[in-house]
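For reference, work10.txt (compact mmCIF, C-alpha atoms):
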# COMPACT_ATOMS: atom_id res chain seq x y z
CA MET A 778 0.00 0.00 0.00
CA ALA A 779 1.48 3.34 -1.08
CA GLU A 780 0.68 6.78 0.29
CA GLU A 781 1.17 10.29 -1.09
CA VAL A 782 0.11 13.59 0.45
CA LEU A 783 -0.71 16.59 -1.76
CA THR A 784 -0.14 19.95 -0.08
CA ALA A 785 0.71 23.48 -1.15
CA THR A 786 0.96 26.97 0.31
CA ALA A 787 -2.45 28.66 0.43
CA LEU A 788 -2.95 31.41 -2.14
CA THR A 789 -3.17 35.03 -1.02
CA LEU A 790 -4.30 38.26 -2.68
CA LYS A 791 -0.62 39.03 -3.23
CA ASP A 792 -0.27 35.82 -5.23
CA ILE A 793 -3.23 36.77 -7.41
CA ALA A 794 -1.86 40.29 -7.93
CA ARG A 795 1.58 38.97 -8.87
CA GLU A 796 0.21 36.43 -11.35
CA ALA A 797 -2.13 38.98 -12.94
CA GLY A 798 0.64 41.58 -13.11
CA VAL A 799 -1.25 44.24 -11.16
CA SER A 800 -1.10 45.90 -7.75
CA LEU A 801 -2.75 44.55 -4.61
CA ALA A 802 -5.01 47.60 -4.59
CA THR A 803 -6.21 46.79 -8.11
CA VAL A 804 -7.12 43.25 -7.11
CA ASP A 805 -9.05 44.63 -4.13
CA ARG A 806 -10.96 47.06 -6.39
CA VAL A 807 -11.87 44.26 -8.80
CA LEU A 808 -13.04 41.98 -5.99
CA HIS A 809 -15.31 44.71 -4.60
CA ASN A 810 -16.48 46.00 -8.01
CA ARG A 811 -15.06 49.47 -7.40
CA PRO A 812 -14.58 51.88 -10.33
CA GLY A 813 -11.28 53.06 -11.76
CA VAL A 814 -10.00 49.79 -13.28
CA ARG A 815 -9.69 49.31 -17.04
CA PRO A 816 -11.95 46.58 -18.51
CA ASP A 817 -8.96 44.62 -19.82
CA THR A 818 -7.38 44.65 -16.36
CA VAL A 819 -10.65 43.55 -14.76
CA ARG A 820 -10.83 40.65 -17.19
CA ARG A 821 -7.21 39.64 -16.49
CA VAL A 822 -7.69 39.68 -12.72
CA LYS A 823 -10.95 37.72 -12.91
CA GLU A 824 -9.35 35.13 -15.19
CA THR A 825 -6.49 34.71 -12.72
CA ILE A 826 -8.94 34.31 -9.83
CA ALA A 827 -10.99 31.75 -11.79
CA ARG A 828 -7.93 29.84 -12.97
CA ASN A 829 -6.76 29.38 -9.38
CA ALA A 830 -10.29 28.85 -7.98
CA PHE A 831 -9.44 31.58 -5.44
CA GLN A 832 -12.19 32.60 -3.03
CA PRO A 833 -10.95 34.93 -0.26
CA HIS A 834 -14.02 34.48 1.95
CA VAL A 835 -13.75 30.69 1.68
CA ALA A 836 -10.06 30.76 2.55
CA ALA A 837 -10.74 32.97 5.56
CA ALA A 838 -13.50 30.69 6.80
CA GLU A 839 -11.31 27.61 6.51
CA LEU A 840 -8.42 29.32 8.31
CA ALA A 841 -10.78 30.06 11.19
CA ARG A 842 -11.40 26.34 11.69
CA GLY A 843 -8.02 25.88 13.36
CA ARG A 844 -7.35 22.46 11.75
CA ALA A 845 -6.94 21.46 8.15
CA ARG A 846 -9.35 18.82 6.88
CA ARG A 847 -7.90 15.53 5.69
CA PHE A 848 -9.40 13.57 2.83
CA ALA A 849 -8.16 10.15 1.72
CA PHE A 850 -8.53 8.83 -1.83
CA VAL A 851 -8.31 5.03 -1.87
CA MET A 852 -7.32 4.16 -5.43
CA PRO A 853 -6.31 1.02 -7.38
CA SER A 854 -2.64 0.14 -7.37
CA GLY A 855 -1.05 -0.66 -10.71
CA PRO A 856 -0.80 1.17 -14.03
CA ASN A 857 -4.44 2.04 -14.73
CA PRO A 858 -4.22 5.12 -17.03
CA PHE A 859 -7.67 6.47 -16.17
CA MET A 860 -7.06 6.25 -12.42
CA GLN A 861 -3.67 7.90 -12.95
CA GLN A 862 -5.48 10.75 -14.71
CA ILE A 863 -7.74 11.24 -11.69
CA GLU A 864 -4.69 11.34 -9.40
CA ALA A 865 -2.96 13.83 -11.72
CA TYR A 866 -5.98 16.15 -11.65
CA LEU A 867 -6.03 16.00 -7.86
CA GLY A 868 -2.40 17.10 -7.93
CA GLU A 869 -3.29 20.04 -10.15
CA MET A 870 -5.90 21.10 -7.58
CA SER A 871 -3.29 21.74 -4.88
CA ALA A 872 -3.80 25.53 -4.82
CA TRP A 873 -7.59 25.12 -4.62
CA LEU A 874 -7.21 22.54 -1.86
CA SER A 875 -4.79 24.66 0.15
CA ALA A 876 -7.04 27.72 -0.05
CA ARG A 877 -9.63 25.61 1.77
CA ARG A 878 -7.13 24.02 4.15
CA LEU A 879 -7.58 20.55 2.67
CA ASN A 880 -4.96 17.82 2.59
CA VAL A 881 -5.56 14.96 0.17
CA GLU A 882 -3.82 11.67 0.87
CA MET A 883 -3.53 9.14 -1.95
CA ILE A 884 -3.67 5.49 -0.85
CA ALA A 885 -2.93 2.86 -3.50
CA THR A 886 -4.25 -0.62 -2.79
CA ASP A 887 -5.48 -3.80 -4.48
CA VAL A 888 -9.16 -2.96 -5.04
CA PHE A 889 -9.72 -6.40 -6.62
CA ASP A 890 -8.99 -8.17 -3.31
CA PRO A 891 -11.83 -7.45 -0.86
CA SER A 892 -9.79 -8.31 2.23
CA VAL A 893 -6.95 -6.00 1.18
CA LEU A 894 -9.31 -3.16 0.27
CA ALA A 895 -11.27 -3.56 3.51
CA ALA A 896 -8.02 -3.51 5.51
CA SER A 897 -6.95 -0.31 3.75
CA LEU A 898 -10.22 1.34 4.73
CA GLU A 899 -10.02 0.04 8.30
CA ALA A 900 -6.48 1.40 8.64
CA LEU A 901 -7.55 5.00 8.06
CA SER A 902 -7.03 7.01 11.23
CA GLU A 903 -9.80 8.72 13.15
CA ASP A 904 -8.70 12.20 12.04
CA CYS A 905 -9.70 11.44 8.43
CA ASP A 906 -12.63 13.74 7.63
CA GLY A 907 -13.58 12.19 4.30
CA VAL A 908 -12.82 9.18 2.10
CA ALA A 909 -13.30 8.67 -1.62
CA VAL A 910 -12.88 5.03 -2.58
CA VAL A 911 -12.89 3.04 -5.81
CA ALA A 912 -14.73 0.17 -4.22
CA LEU A 913 -15.37 -3.51 -4.81
CA ASP A 914 -18.99 -4.44 -4.07
CA HIS A 915 -18.30 -7.06 -1.40
CA PRO A 916 -19.67 -7.64 2.13
CA GLY A 917 -16.27 -7.04 3.75
CA VAL A 918 -15.79 -3.76 1.89
CA ARG A 919 -19.37 -2.76 2.62
CA ALA A 920 -18.79 -3.34 6.34
CA ALA A 921 -15.57 -1.29 6.28
CA ILE A 922 -17.40 1.60 4.63
CA ASP A 923 -20.22 1.41 7.16
CA ASP A 924 -17.71 1.44 10.04
CA LEU A 925 -16.15 4.63 8.66
CA VAL A 926 -19.58 6.25 8.40
CA ASP A 927 -20.41 5.19 11.98
CA ALA A 928 -17.17 6.83 13.11
CA GLY A 929 -18.28 10.13 11.57
CA THR A 930 -16.22 10.00 8.36
CA LYS A 931 -17.87 11.16 5.15
CA VAL A 932 -17.56 8.47 2.47
CA VAL A 933 -17.94 8.86 -1.27
CA THR A 934 -17.65 5.95 -3.70
CA LEU A 935 -15.74 6.96 -6.83
CA VAL A 936 -16.13 5.43 -10.33
CA SER A 937 -17.50 2.17 -8.87
CA ASP A 938 -20.36 2.18 -6.36
CA VAL A 939 -21.38 0.10 -3.35
CA PRO A 940 -25.05 1.16 -3.16
CA SER A 941 -25.97 -1.26 -0.37
CA SER A 942 -23.45 0.39 1.95
CA ARG A 943 -24.19 3.55 3.94
CA ARG A 944 -21.82 5.64 1.83
CA HIS A 945 -23.00 9.23 1.54
CA HIS A 946 -22.72 9.73 -2.22
CA TYR A 947 -21.56 8.14 -5.48
CA VAL A 948 -19.45 10.09 -7.97
CA GLY A 949 -19.30 8.49 -11.40
CA ILE A 950 -21.16 7.80 -14.61
CA ASP A 951 -24.32 5.76 -15.19
CA ASN A 952 -22.50 2.52 -15.95
CA ILE A 953 -25.54 0.63 -17.23
CA ALA A 954 -26.03 3.40 -19.81
CA ALA A 955 -22.33 3.21 -20.67
CA GLY A 956 -22.61 -0.55 -21.25
CA ARG A 957 -25.69 -0.13 -23.39
CA THR A 958 -23.85 2.49 -25.43
CA ALA A 959 -20.94 0.08 -25.94
CA GLY A 960 -23.36 -2.66 -27.01
CA ALA A 961 -25.04 -0.40 -29.56
CA LEU A 962 -21.65 0.62 -30.96
CA VAL A 963 -20.37 -2.95 -31.30
CA GLY A 964 -23.62 -4.20 -32.86
CA ARG A 965 -23.93 -1.36 -35.37
CA LEU A 966 -20.25 -1.35 -36.34
CA VAL A 967 -20.22 -5.14 -36.87
CA GLY A 968 -23.00 -4.57 -39.37
CA ARG A 969 -24.63 -7.53 -41.05
CA ARG A 970 -21.98 -10.04 -40.02
CA SER A 971 -22.86 -12.79 -37.59
CA GLY A 972 -20.45 -14.29 -35.10
CA LYS A 973 -19.26 -14.05 -31.50
CA VAL A 974 -18.51 -11.10 -29.23
CA ALA A 975 -15.87 -11.24 -26.48
CA ILE A 976 -15.98 -9.28 -23.20
CA VAL A 977 -12.95 -8.53 -21.02
CA ALA A 978 -13.52 -7.01 -17.56
CA GLY A 979 -11.30 -6.23 -14.61
CA SER A 980 -13.66 -7.99 -12.21
CA GLN A 981 -17.39 -8.56 -12.10
CA GLY A 982 -17.10 -7.80 -8.39
CA LEU A 983 -16.58 -4.16 -9.31
CA ARG A 984 -20.02 -2.63 -9.54
CA ASP A 985 -19.12 -0.40 -12.49
CA HIS A 986 -17.85 -3.38 -14.50
CA ALA A 987 -20.86 -5.55 -13.60
CA GLU A 988 -23.29 -2.78 -14.55
CA ARG A 989 -21.54 -2.12 -17.86
CA ILE A 990 -21.71 -5.82 -18.71
CA PHE A 991 -25.40 -5.90 -17.76
CA GLY A 992 -26.18 -2.95 -20.03
CA PHE A 993 -24.08 -4.40 -22.85
CA ASN A 994 -25.85 -7.76 -22.70
CA GLN A 995 -29.26 -6.07 -22.63
CA VAL A 996 -28.58 -4.45 -25.99
CA MET A 997 -26.93 -7.53 -27.51
CA THR A 998 -29.86 -9.76 -26.59
CA SER A 999 -32.65 -7.41 -27.64
CA GLU A 1000 -31.16 -5.74 -30.71
CA PHE A 1001 -28.47 -8.02 -32.15
CA PRO A 1002 -29.59 -11.65 -31.71
CA GLU A 1003 -27.32 -12.74 -34.57
CA LEU A 1004 -24.33 -12.00 -32.33
CA SER A 1005 -23.43 -14.51 -29.62
CA VAL A 1006 -21.79 -13.07 -26.48
CA LEU A 1007 -19.06 -15.26 -24.98
CA PRO A 1008 -18.54 -15.68 -21.20
CA VAL A 1009 -16.79 -12.73 -19.56
CA LEU A 1010 -13.01 -12.90 -19.11
CA GLU A 1011 -11.60 -11.27 -15.94
CA GLY A 1012 -8.20 -9.68 -16.53
CA ARG A 1013 -7.97 -7.66 -13.27
CA ASP A 1014 -7.22 -4.59 -15.43
CA GLU A 1015 -3.75 -6.07 -16.08
CA ASP A 1016 -2.19 -5.95 -19.55
CA GLY A 1017 -0.41 -9.30 -19.32
CA ARG A 1018 -3.35 -11.23 -17.92
CA SER A 1019 -5.81 -9.68 -20.41
CA GLU A 1020 -3.50 -10.48 -23.32
CA GLN A 1021 -3.10 -14.12 -22.26
CA LEU A 1022 -6.83 -14.66 -21.78
CA LEU A 1023 -7.74 -13.13 -25.13
CA THR A 1024 -4.96 -14.90 -27.02
CA ARG A 1025 -6.35 -18.25 -25.84
CA LEU A 1026 -9.89 -17.13 -26.71
CA PHE A 1027 -8.93 -16.12 -30.26
CA GLY A 1028 -7.30 -19.53 -30.66
CA ARG A 1029 -10.57 -21.26 -29.77
CA HIS A 1030 -12.97 -18.99 -31.69
CA ALA A 1031 -12.15 -17.98 -35.25
CA ASP A 1032 -15.52 -16.23 -35.66
CA ILE A 1033 -15.11 -13.43 -33.08
CA VAL A 1034 -16.31 -10.22 -34.74
CA GLY A 1035 -16.68 -7.90 -31.74
CA LEU A 1036 -14.80 -7.12 -28.53
CA TYR A 1037 -15.77 -5.00 -25.53
CA ASN A 1038 -13.08 -4.11 -22.98
CA VAL A 1039 -14.98 -3.06 -19.87
CA GLY A 1040 -12.08 -1.69 -17.82
CA ALA A 1041 -8.33 -1.23 -18.20
CA GLY A 1042 -5.69 -3.67 -19.50
CA THR A 1043 -6.24 -2.08 -22.90
CA GLN A 1044 -2.66 -2.50 -24.11
CA GLY A 1045 -2.88 -6.23 -23.48
CA VAL A 1046 -6.18 -6.44 -25.36
CA ALA A 1047 -4.65 -4.58 -28.31
CA ASN A 1048 -1.60 -6.86 -28.24
CA ALA A 1049 -3.79 -9.97 -28.41
CA LEU A 1050 -5.70 -8.53 -31.36
CA SER A 1051 -2.48 -7.74 -33.24
CA GLU A 1052 -0.84 -11.09 -32.49
CA ALA A 1053 -3.92 -12.88 -33.82
CA GLY A 1054 -3.90 -10.66 -36.93
CA ARG A 1055 -7.47 -9.61 -36.10
CA GLU A 1056 -7.06 -5.87 -35.38
CA LYS A 1057 -8.74 -4.88 -38.66
CA GLN A 1058 -11.44 -7.55 -38.48
CA VAL A 1059 -12.77 -7.30 -34.92
CA VAL A 1060 -14.79 -4.27 -33.81
CA PHE A 1061 -13.07 -3.09 -30.62
CA VAL A 1062 -14.83 -0.78 -28.15
CA ALA A 1063 -13.32 0.23 -24.82
CA HIS A 1064 -13.44 2.98 -22.20
CA ASP A 1065 -11.76 6.34 -21.56
CA VAL A 1066 -9.53 8.61 -23.63
CA THR A 1067 -5.91 8.20 -22.55
CA VAL A 1068 -2.59 8.47 -24.36
CA LEU A 1069 -2.90 4.76 -25.19
CA THR A 1070 -6.52 4.72 -26.37
CA ARG A 1071 -5.93 7.88 -28.39
CA ARG A 1072 -3.10 6.12 -30.25
CA LEU A 1073 -5.17 2.97 -30.78
CA LEU A 1074 -8.06 5.03 -32.17
CA LEU A 1075 -5.75 6.87 -34.57
CA GLN A 1076 -4.22 3.56 -35.70
CA GLY A 1077 -7.65 2.06 -36.33
CA VAL A 1078 -7.07 -0.76 -33.81
CA MET A 1079 -9.82 0.59 -31.54
CA ASP A 1080 -13.08 1.71 -33.08
CA ALA A 1081 -14.62 3.75 -30.26
CA ALA A 1082 -14.10 4.77 -26.63
CA ILE A 1083 -16.81 5.48 -24.07
CA SER A 1084 -15.32 8.53 -22.39
CA GLN A 1085 -15.82 10.01 -18.93
CA ASN A 1086 -14.02 13.12 -17.71
CA PRO A 1087 -11.41 12.22 -15.04
CA GLY A 1088 -10.89 15.88 -14.14
CA HIS A 1089 -14.60 16.32 -13.48
CA GLU A 1090 -14.66 13.18 -11.34
CA ALA A 1091 -11.64 14.30 -9.29
CA ARG A 1092 -13.12 17.76 -8.70
CA ALA A 1093 -16.61 16.40 -8.01
CA ALA A 1094 -15.35 13.93 -5.41
CA VAL A 1095 -13.50 16.65 -3.51
CA ARG A 1096 -16.40 19.11 -3.76
CA VAL A 1097 -18.90 16.50 -2.55
CA LEU A 1098 -16.68 15.50 0.40
CA LEU A 1099 -16.19 19.16 1.30
CA ALA A 1100 -19.93 19.87 1.10
CA LEU A 1101 -20.64 16.85 3.30
CA ALA A 1102 -17.98 17.91 5.82
CA ARG A 1103 -19.47 21.41 5.98
CA GLY A 1104 -23.05 20.16 6.14
CA GLU A 1105 -23.89 21.89 2.86
CA PRO A 1106 -26.20 20.59 0.11
CA ILE A 1107 -24.68 18.68 -2.82
CA LEU A 1108 -25.36 20.18 -6.22
CA ARG A 1109 -26.37 16.91 -7.84
CA GLU A 1110 -26.71 18.23 -11.38
CA GLN A 1111 -23.33 19.95 -11.19
CA GLU A 1112 -21.69 16.75 -9.96
CA LYS A 1113 -23.39 14.48 -12.52
CA ILE A 1114 -20.73 12.86 -14.71
CA ARG A 1115 -21.60 12.56 -18.40
CA ILE A 1116 -20.40 10.03 -20.96
CA ASP A 1117 -19.23 10.76 -24.51
CA ILE A 1118 -18.61 8.59 -27.55
CA VAL A 1119 -15.14 9.24 -28.97
CA MET A 1120 -13.95 7.91 -32.32
CA ARG A 1121 -10.94 8.66 -34.49
CA ASP A 1122 -12.64 11.52 -36.31
CA ASN A 1123 -13.79 13.40 -33.19
CA LEU A 1124 -10.81 12.90 -30.87
CA PRO A 1125 -10.63 15.84 -28.43

Whole structure given in structure tokens:
Amino acid sequence: MAEEVLTATALTLKDIAREAGVSLATVDRVLHNRPGVRPDTVRRVKETIARNAFQPHVAAAELARGRARRFAFVMPSGPNPFMQQIEAYLGEMSAWLSARRLNVEMIATDVFDPSVLAASLEALSEDCDGVAVVALDHPGVRAAIDDLVDAGTKVVTLVSDVPSSRRHHYVGIDNIAAGRTAGALVGRLVGRRSGKVAIVAGSQGLRDHAERIFGFNQVMTSEFPELSVLPVLEGRDEDGRSEQLLTRLFGRHADIVGLYNVGAGTQGVANALSEAGREKQVVFVAHDVTVLTRRLLLQGVMDAAISQNPGHEARAAVRVLLALARGEPILREQEKIRIDIVMRDNLP
């Protein structure tokens, strides 16, 4: 289990003035809508304030608390590009966090092992104000979440939910809708061909993966009966394991025409396609826009990605935890995470 703490010096009005290239008095006039400042200068100061998410009254209120709040993000260990993007965005929020006297601790653990994940949650100290966790839907994990809630800690599930727990909020996409979208893409892109469709997931114990598979199968069964869906392979989001499982599957089934990668391990999936000489024959749909999936889309190996915004999820998780800690309402529409369909011709 690895830990990392993100901290930074809290921003001041002097910092805003220096970055905007104006005097402290000018910043004060802009903040209080006083006359005598050129429109271009007003715009520059406001852009600097917005860019740094600086709110003087918020900073002052947090300083008055006397103790910084501590949030823990319990994330999957291993090279999952999407999770790494979330962690990177949290790092970029350091100024915003410090202005509100928030410390964010990153805890990497094996989220596929319920006993390990539960132990990571149980090990969090009593001074942890909030926890965001990428959670396995398992009784042991559910109990660990409930114990945190009973101890007064605010808990948010991130990306993958545990709805039967007493967690306070879920931050993530509608995964059933994402799976249905993937099913519609695979079925339509396969066209009039018949054959088999393979599914690779990290684990069906992860609620987000299970819900995506459920949505995918709904569409396959109702709209594309000529396509036969094979049993789900579980690659634990690992490149090597996913590649081995798919290589064996391609050896047994020459008529695979579609492939849905539910989680990570995308490089391994792409390797198996290439080694089998099937990258131009099999419709390949996966999740998230990363450096890897962008390259695979441009190469024509991957046909489409179901995208969710990791920056939005990182910010939403922190904002929800902060609102819960302050006893403020959660802006549910603001924190709703949308999905997008990304293909080679509309890459962002």

Could you check how far CA of Ala1053 in chain A sits from CA of Phe1027 in chain A, in Å to one decimal? 6.9 Å

Can you tell me which residues surround Leu1004 in chain A at a distance of at most 7 Å, considering all atoms listed in the file, apart from same-chain residues fewer than 6 positions away, and format the answer as a PyMOL selection string? chain A and resi 971-974

Atoms to include: C-alpha atoms. Write the selected residues as a short mmCIF file (atom, residue, chain, number, x, y, z; two decimals), in the frame of the given file.
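Contents of selection_12.cif, freshly written:
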data_model
loop_
_atom_site.label_atom_id
_atom_site.label_comp_id
_atom_site.auth_asym_id
_atom_site.auth_seq_id
_atom_site.Cartn_x
_atom_site.Cartn_y
_atom_site.Cartn_z
CA SER A 971 -22.86 -12.79 -37.59
CA GLY A 972 -20.45 -14.29 -35.10
CA LYS A 973 -19.26 -14.05 -31.50
CA VAL A 974 -18.51 -11.10 -29.23
#

Let me make sure I understand: among A:Ala955, A:Asp1016, A:Val908, A:Pro1125, which one has the smallest atom-to-atom distance to Val933 in chain A if we use all atoms listed in the file? A:Val908

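Note that CA of Gly1012 in chain A and CA of Gly855 in chain A are 12.9 Å apart.
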
Using 5 Å of padding on each side, determine the axis-aligned box around all atoms of range 993-1006 of chain A present in the file and give its centre and edge lengths in Å to one decimal, as AutoDock Vina command-line options.
--center_x -27.2 --center_y -9.5 --center_z -28.6 --size_x 20.9 --size_y 20.1 --size_z 21.9

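Across A:Ile950, A:Leu966, A:Val977, A:Leu1036, the tightest approach to Ser1084 in chain A is made by A:Ile950 when counting all atoms listed in the file.
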
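Nearest to Ala1091 in chain A of all the residues A:Glu1052, A:Glu1011, A:Asp1117, A:Glu864 is A:Glu864, counting only C-alpha atoms.
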
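The smallest atom-to-atom distance between Gln1058 in chain A and any of A:Ala1093, A:Leu1074, A:Leu898, A:Val967, using only C-alpha atoms, is found for A:Val967.
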
Since fewer atoms than expected are present, regenerate all heavy atoms for range 819-828 of chain A and write them as a PDB file, in the coordinates of the input.
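Written file, out_13.pdb:
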ATOM      1  N   VAL A 819      -9.622  44.292 -15.494  1.00  0.00           N
ATOM      2  CA  VAL A 819     -10.650  43.550 -14.760  1.00  0.00           C
ATOM      3  C   VAL A 819     -10.735  42.116 -15.271  1.00  0.00           C
ATOM      4  O   VAL A 819     -10.780  41.159 -14.491  1.00  0.00           O
ATOM      5  CB  VAL A 819     -12.022  44.251 -14.886  1.00  0.00           C
ATOM      6  CG1 VAL A 819     -13.117  43.371 -14.280  1.00  0.00           C
ATOM      7  CG2 VAL A 819     -11.995  45.606 -14.200  1.00  0.00           C
ATOM      8  N   ARG A 820     -10.749  41.986 -16.600  1.00  0.00           N
ATOM      9  CA  ARG A 820     -10.830  40.650 -17.190  1.00  0.00           C
ATOM     10  C   ARG A 820      -9.630  39.804 -16.780  1.00  0.00           C
ATOM     11  O   ARG A 820      -9.783  38.633 -16.412  1.00  0.00           O
ATOM     12  CB  ARG A 820     -10.882  40.780 -18.717  1.00  0.00           C
ATOM     13  CG  ARG A 820     -10.891  39.422 -19.445  1.00  0.00           C
ATOM     14  CD  ARG A 820     -10.732  39.593 -20.946  1.00  0.00           C
ATOM     15  NE  ARG A 820      -9.536  40.350 -21.278  1.00  0.00           N
ATOM     16  CZ  ARG A 820      -8.300  39.827 -21.262  1.00  0.00           C
ATOM     17  NH1 ARG A 820      -8.116  38.557 -20.915  1.00  0.00           N
ATOM     18  NH2 ARG A 820      -7.263  40.566 -21.571  1.00  0.00           N
ATOM     19  N   ARG A 821      -8.424  40.393 -16.822  1.00  0.00           N
ATOM     20  CA  ARG A 821      -7.210  39.640 -16.490  1.00  0.00           C
ATOM     21  C   ARG A 821      -7.213  39.180 -15.038  1.00  0.00           C
ATOM     22  O   ARG A 821      -6.851  38.037 -14.725  1.00  0.00           O
ATOM     23  CB  ARG A 821      -5.976  40.501 -16.783  1.00  0.00           C
ATOM     24  CG  ARG A 821      -4.670  39.710 -16.712  1.00  0.00           C
ATOM     25  CD  ARG A 821      -3.531  40.439 -17.387  1.00  0.00           C
ATOM     26  NE  ARG A 821      -3.073  41.597 -16.603  1.00  0.00           N
ATOM     27  CZ  ARG A 821      -3.277  42.864 -16.956  1.00  0.00           C
ATOM     28  NH1 ARG A 821      -3.935  43.147 -18.068  1.00  0.00           N
ATOM     29  NH2 ARG A 821      -2.819  43.860 -16.216  1.00  0.00           N
ATOM     30  N   VAL A 822      -7.641  40.050 -14.143  1.00  0.00           N
ATOM     31  CA  VAL A 822      -7.690  39.680 -12.720  1.00  0.00           C
ATOM     32  C   VAL A 822      -8.729  38.586 -12.489  1.00  0.00           C
ATOM     33  O   VAL A 822      -8.464  37.602 -11.782  1.00  0.00           O
ATOM     34  CB  VAL A 822      -8.009  40.922 -11.858  1.00  0.00           C
ATOM     35  CG1 VAL A 822      -8.281  40.505 -10.412  1.00  0.00           C
ATOM     36  CG2 VAL A 822      -6.863  41.924 -11.908  1.00  0.00           C
ATOM     37  N   LYS A 823      -9.898  38.728 -13.099  1.00  0.00           N
ATOM     38  CA  LYS A 823     -10.950  37.720 -12.910  1.00  0.00           C
ATOM     39  C   LYS A 823     -10.542  36.372 -13.485  1.00  0.00           C
ATOM     40  O   LYS A 823     -10.863  35.322 -12.921  1.00  0.00           O
ATOM     41  CB  LYS A 823     -12.256  38.206 -13.531  1.00  0.00           C
ATOM     42  CG  LYS A 823     -12.919  39.331 -12.739  1.00  0.00           C
ATOM     43  CD  LYS A 823     -14.276  39.707 -13.325  1.00  0.00           C
ATOM     44  CE  LYS A 823     -14.976  40.742 -12.457  1.00  0.00           C
ATOM     45  NZ  LYS A 823     -16.305  41.123 -12.995  1.00  0.00           N
ATOM     46  N   GLU A 824      -9.834  36.390 -14.615  1.00  0.00           N
ATOM     47  CA  GLU A 824      -9.350  35.130 -15.190  1.00  0.00           C
ATOM     48  C   GLU A 824      -8.339  34.468 -14.267  1.00  0.00           C
ATOM     49  O   GLU A 824      -8.325  33.242 -14.117  1.00  0.00           O
ATOM     50  CB  GLU A 824      -8.746  35.378 -16.571  1.00  0.00           C
ATOM     51  CG  GLU A 824      -9.776  35.672 -17.661  1.00  0.00           C
ATOM     52  CD  GLU A 824      -9.130  35.962 -19.010  1.00  0.00           C
ATOM     53  OE1 GLU A 824      -7.875  36.079 -19.049  1.00  0.00           O
ATOM     54  OE2 GLU A 824      -9.867  36.075 -20.003  1.00  0.00           O
ATOM     55  N   THR A 825      -7.479  35.258 -13.650  1.00  0.00           N
ATOM     56  CA  THR A 825      -6.490  34.710 -12.720  1.00  0.00           C
ATOM     57  C   THR A 825      -7.173  34.117 -11.497  1.00  0.00           C
ATOM     58  O   THR A 825      -6.806  33.033 -11.026  1.00  0.00           O
ATOM     59  CB  THR A 825      -5.513  35.820 -12.279  1.00  0.00           C
ATOM     60  OG1 THR A 825      -4.894  36.396 -13.436  1.00  0.00           O
ATOM     61  CG2 THR A 825      -4.435  35.257 -11.365  1.00  0.00           C
ATOM     62  N   ILE A 826      -8.189  34.821 -10.986  1.00  0.00           N
ATOM     63  CA  ILE A 826      -8.940  34.310  -9.830  1.00  0.00           C
ATOM     64  C   ILE A 826      -9.645  33.005 -10.190  1.00  0.00           C
ATOM     65  O   ILE A 826      -9.588  32.019  -9.438  1.00  0.00           O
ATOM     66  CB  ILE A 826      -9.968  35.369  -9.369  1.00  0.00           C
ATOM     67  CG1 ILE A 826      -9.250  36.551  -8.719  1.00  0.00           C
ATOM     68  CG2 ILE A 826     -10.978  34.760  -8.398  1.00  0.00           C
ATOM     69  CD1 ILE A 826     -10.156  37.741  -8.431  1.00  0.00           C
ATOM     70  N   ALA A 827     -10.273  32.959 -11.369  1.00  0.00           N
ATOM     71  CA  ALA A 827     -10.990  31.750 -11.790  1.00  0.00           C
ATOM     72  C   ALA A 827     -10.036  30.593 -12.024  1.00  0.00           C
ATOM     73  O   ALA A 827     -10.317  29.447 -11.649  1.00  0.00           O
ATOM     74  CB  ALA A 827     -11.792  32.044 -13.056  1.00  0.00           C
ATOM     75  N   ARG A 828      -8.901  30.892 -12.655  1.00  0.00           N
ATOM     76  CA  ARG A 828      -7.930  29.840 -12.970  1.00  0.00           C
ATOM     77  C   ARG A 828      -7.416  29.158 -11.713  1.00  0.00           C
ATOM     78  O   ARG A 828      -7.131  27.960 -11.691  1.00  0.00           O
ATOM     79  CB  ARG A 828      -6.782  30.437 -13.779  1.00  0.00           C
ATOM     80  CG  ARG A 828      -5.761  29.412 -14.255  1.00  0.00           C
ATOM     81  CD  ARG A 828      -4.852  29.973 -15.331  1.00  0.00           C
ATOM     82  NE  ARG A 828      -4.149  31.167 -14.897  1.00  0.00           N
ATOM     83  CZ  ARG A 828      -4.378  32.398 -15.349  1.00  0.00           C
ATOM     84  NH1 ARG A 828      -5.324  32.615 -16.244  1.00  0.00           N
ATOM     85  NH2 ARG A 828      -3.696  33.446 -14.906  1.00  0.00           N
TER      86      ARG A 828
END
